[in-house]
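Q: The structure's right below; bear with me while I get my questions together.
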Amino acid sequence: MSAIPLNQLPLRPSTLSLLQKRGFSTVKDVEESKANGGLSNLSDELDLSLAQTAALVREVTSASSSIKAQGSSALSLLMGRKQRSIITFSKAVDNMLGGGISLGELTEVCGLPGAGKTQLAMQLCVNATLPEMVGGVCGQAIYIDTEGSFSPERCRTMAQALVKHVQKSSKNKKLPDWFKTCTILKSIHVFRVYDEATQVALLHSLPKHLEKHEQPRPIRLIVLDSIAFHYRSTTSDFVGRSRSLSDAASLLSDMASKYDLAALVINQMTTKINGSDSQTVPALGESWAHSVTTRLILASDEQSIRHCRLVKSPHKPYALARYEVQECGIRDVVSIQNDSKRQRVDY
């Protein structure tokens, strides 16, 4: 039996609170109660129905199993790495990232309002459907919208532009029959969440959605836009918020690795005051910053040219790339007037 403290497991806050209120502090406590009198005994102690108790036991067992260490050699990890990515449609950004937004990792995109975070997220959702024969990952996408910023009309415009571009550049290739605008839009599954509790519950239920949508093409991208919105408006204590954010990062990272998908979280910016000085930094603090694999910060200059700054990555050095948000979506910068004069960029 395991004596792992329950508060060290990636459990839902409601599950952890219920168990602690009933006197359970470790996984061993839960297992012993079940072993002594069966599921009905544990059900009585928790004052839950048998079905609810069974679901709780499954959650605890799954969480406990997920943290058991399983070692691998560096060579096996290297040989098993596929290094597939979802392209952004900006060569400058893709080259900076080594091909695009990597599958199997948690990537954070930060920026001030109007920097183009949601535009990039929607473009990636559309691009996630690209067939493998033209360099795509041939998948679907899940978009978790916390702010109401998702635009189906904008996605349709991007999808139409994508289909037109691929058809034009692949005249000698027979594209799949399903590769058309309506199918691309059907492949983007949008969830609107209005509070922190719903957001947490949805994240825990995502594995079921991933298994449900394995056919005809698997989910290759999960977008959370934004991770900060409900946490910044909640009245929960700092410790509870930090634990919930840590759980969210852990869930998304685990799903990215297990299901071979890219997890993308959008984050807002906040002002950090240090004495008489102040600077704009990503929200949610240092603890959250350590939870993400890659961090990108977006901004725009006085000519509306977008700047994507890579500030954290285990694979690539610090770098900066420029791109544009055009009518057709994310694209490379076509022309810049007075390019010799660097424009001021506010991050």
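Chain lettering (A, B, ...) mirrors the order of the structure tokens, residue numbering begins at 1 for each chain separately, and ligand numbering begins at 1 in order of display.
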What lies within 8 Å of A:Leu252 using only C-alpha atoms, ignoring chain neighbours under 6 positions off, as a PyMOL selection string?
A: chain A and resi 106+203+263
Q: Name the residues of stretch 55-152 of chain A that fall into alpha helix (DSSP H) according to DSSP on the backbone, using the chain letters and numbers of this document, as a VMD selection string.
A: chain A and resid 55 to 66 74 to 80 91 to 97 117 to 127 152
Q: For A:Thr270, which residue out of A:Pro10, A:Ser149, A:Pro282, A:Thr181 is the nearest one, using only C-alpha atoms?
A: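 Closest residue, counting only C-alpha atoms: A:Pro282.
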Q: So which one's closest to A:Gln52, A:Ala161, A:Ala121, A:Ile227, A:Leu18? Using only C-alpha atoms, please.
A: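 Distance minimum relative to A:Gln52 lands on A:Leu18.
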Q: Tell me, which residues of stretch 200-289 of chain A carry DSSP strand (DSSP E or B), written as a ChimeraX atom specification?
A: /A:219-225,262-267,269-274,277-282
Q: Within 6 Å of stretch 131-144 of chain A, counting only C-alpha atoms, which residues qualify if same-chain residues fewer than 3 places away don't, as a PyMOL selection string?
A: chain A and resi 125+128+187-191+217-224
Q: Any chance you can output those residues with N, CA and C atoms as a PDB file, in the first residue's frame?
A:
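The result, stored in result-v3.pdb:
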ATOM      1  N   CYS A 125      -5.047  25.885 -34.672  1.00  0.00           N
ATOM      2  CA  CYS A 125      -6.155  24.932 -34.721  1.00  0.00           C
ATOM      3  C   CYS A 125      -6.458  24.525 -36.161  1.00  0.00           C
ATOM      4  N   ALA A 128      -3.575  22.397 -37.584  1.00  0.00           N
ATOM      5  CA  ALA A 128      -3.462  21.051 -37.021  1.00  0.00           C
ATOM      6  C   ALA A 128      -4.141  20.009 -37.904  1.00  0.00           C
ATOM      7  N   SER A 187     -13.498  19.823 -37.289  1.00  0.00           N
ATOM      8  CA  SER A 187     -12.387  19.214 -36.559  1.00  0.00           C
ATOM      9  C   SER A 187     -11.897  20.073 -35.398  1.00  0.00           C
ATOM     10  N   ILE A 188     -12.482  21.254 -35.209  1.00  0.00           N
ATOM     11  CA  ILE A 188     -12.107  22.140 -34.094  1.00  0.00           C
ATOM     12  C   ILE A 188     -13.247  22.107 -33.082  1.00  0.00           C
ATOM     13  N   HIS A 189     -13.015  21.483 -31.948  1.00  0.00           N
ATOM     14  CA  HIS A 189     -14.037  21.286 -30.919  1.00  0.00           C
ATOM     15  C   HIS A 189     -13.886  22.367 -29.847  1.00  0.00           C
ATOM     16  N   VAL A 190     -14.890  23.232 -29.743  1.00  0.00           N
ATOM     17  CA  VAL A 190     -14.814  24.407 -28.865  1.00  0.00           C
ATOM     18  C   VAL A 190     -15.616  24.169 -27.584  1.00  0.00           C
ATOM     19  N   PHE A 191     -14.991  24.462 -26.447  1.00  0.00           N
ATOM     20  CA  PHE A 191     -15.646  24.380 -25.143  1.00  0.00           C
ATOM     21  C   PHE A 191     -15.600  25.768 -24.499  1.00  0.00           C
ATOM     22  N   ARG A 217      -9.514  11.236 -37.201  1.00  0.00           N
ATOM     23  CA  ARG A 217      -8.152  11.723 -36.998  1.00  0.00           C
ATOM     24  C   ARG A 217      -8.023  12.120 -35.531  1.00  0.00           C
ATOM     25  N   PRO A 218      -6.882  11.827 -34.902  1.00  0.00           N
ATOM     26  CA  PRO A 218      -6.732  12.101 -33.466  1.00  0.00           C
ATOM     27  C   PRO A 218      -6.588  13.587 -33.149  1.00  0.00           C
ATOM     28  N   ILE A 219      -6.829  13.930 -31.915  1.00  0.00           N
ATOM     29  CA  ILE A 219      -6.595  15.305 -31.460  1.00  0.00           C
ATOM     30  C   ILE A 219      -5.098  15.545 -31.417  1.00  0.00           C
ATOM     31  N   ARG A 220      -4.651  16.607 -32.055  1.00  0.00           N
ATOM     32  CA  ARG A 220      -3.219  16.934 -32.073  1.00  0.00           C
ATOM     33  C   ARG A 220      -2.918  18.275 -31.395  1.00  0.00           C
ATOM     34  N   LEU A 221      -3.972  18.974 -30.967  1.00  0.00           N
ATOM     35  CA  LEU A 221      -3.752  20.277 -30.334  1.00  0.00           C
ATOM     36  C   LEU A 221      -4.844  20.561 -29.313  1.00  0.00           C
ATOM     37  N   ILE A 222      -4.426  20.995 -28.125  1.00  0.00           N
ATOM     38  CA  ILE A 222      -5.349  21.506 -27.117  1.00  0.00           C
ATOM     39  C   ILE A 222      -4.959  22.948 -26.829  1.00  0.00           C
ATOM     40  N   VAL A 223      -5.916  23.864 -26.955  1.00  0.00           N
ATOM     41  CA  VAL A 223      -5.680  25.284 -26.671  1.00  0.00           C
ATOM     42  C   VAL A 223      -6.512  25.684 -25.451  1.00  0.00           C
ATOM     43  N   LEU A 224      -5.878  26.352 -24.517  1.00  0.00           N
ATOM     44  CA  LEU A 224      -6.582  26.918 -23.359  1.00  0.00           C
ATOM     45  C   LEU A 224      -6.405  28.428 -23.411  1.00  0.00           C
TER      46      LEU A 224
END
Q: Residues within 8 Å of A:Glu105, please, as a list in words. Count only C-alpha atoms; anything in the same chain fewer than 2 positions from it doesn't count.
A: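 My list of contacting residues is Ser102, Leu103, Thr107, Ser253, Ala256, Ser257, Leu261, Ala262, Ala263, Thr293 and Thr294 of chain A.
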Q: Tell me, in Å to one decimal, how far atom CA of A:Leu19 is from atom CA of A:Leu6.
A: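 Computing the Euclidean distance for atom CA of A:Leu19 and atom CA of A:Leu6 yields 8.4 Å.
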Q: Which is closest to A:Gln83 among A:Arg295, A:Asp260, A:Glu108, A:His290, if we use only C-alpha atoms?
A: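 Of A:Arg295, A:Asp260, A:Glu108, A:His290, the one nearest A:Gln83, counting only C-alpha atoms, is A:Asp260.
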Q: Would you compute the distance between atom CA of A:Pro113 and atom CA of A:Asn267? Give it in Å to one decimal.
A: 10.3 Å
Q: Restricting the calculation to only C-alpha atoms, which member of A:Val166, A:Ile297, A:Met255, A:Leu50 is positioned closest to A:Leu206?
A: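 Of the candidates, the smallest distance to A:Leu206 is held by A:Met255.
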Q: Expressed in Å to a single decimal, how great is the separation between atom CA of A:Phe24 and atom CA of A:Trp288?
A: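 If I compute the distance from atom CA of A:Phe24 to atom CA of A:Trp288, I get 28.1 Å.
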Q: Compare A:Lys34, A:His204, A:Lys28, A:Lys117 by their minimum atom-to-atom distance to A:Ala299, counting only C-alpha atoms, and give me the closest one.
A: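 Of A:Lys34, A:His204, A:Lys28, A:Lys117, the one nearest A:Ala299, counting only C-alpha atoms, is A:Lys117.
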Q: Write out as a list in words which residues come within 7 Å of stretch 86-98 of chain A when counting only C-alpha atoms, dropping same-chain ones fewer than 5 positions away.
A: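 Counting only C-alpha atoms, the residues come to Gln123, Leu124, Asn127, Ala128, Gly136, Val137, Lys316, Ala319, Ala321, Arg322, Tyr323, Ile330, Arg331 and Asp332 of chain A.
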Q: As a PyMOL selection string, please: the residues near A:His307 (cut-off 10 Å, only C-alpha atoms, same-chain neighbours under 2 positions excluded).
A: chain A and resi 93+115-116+296-301+304-305+309-310+320-324+345-347
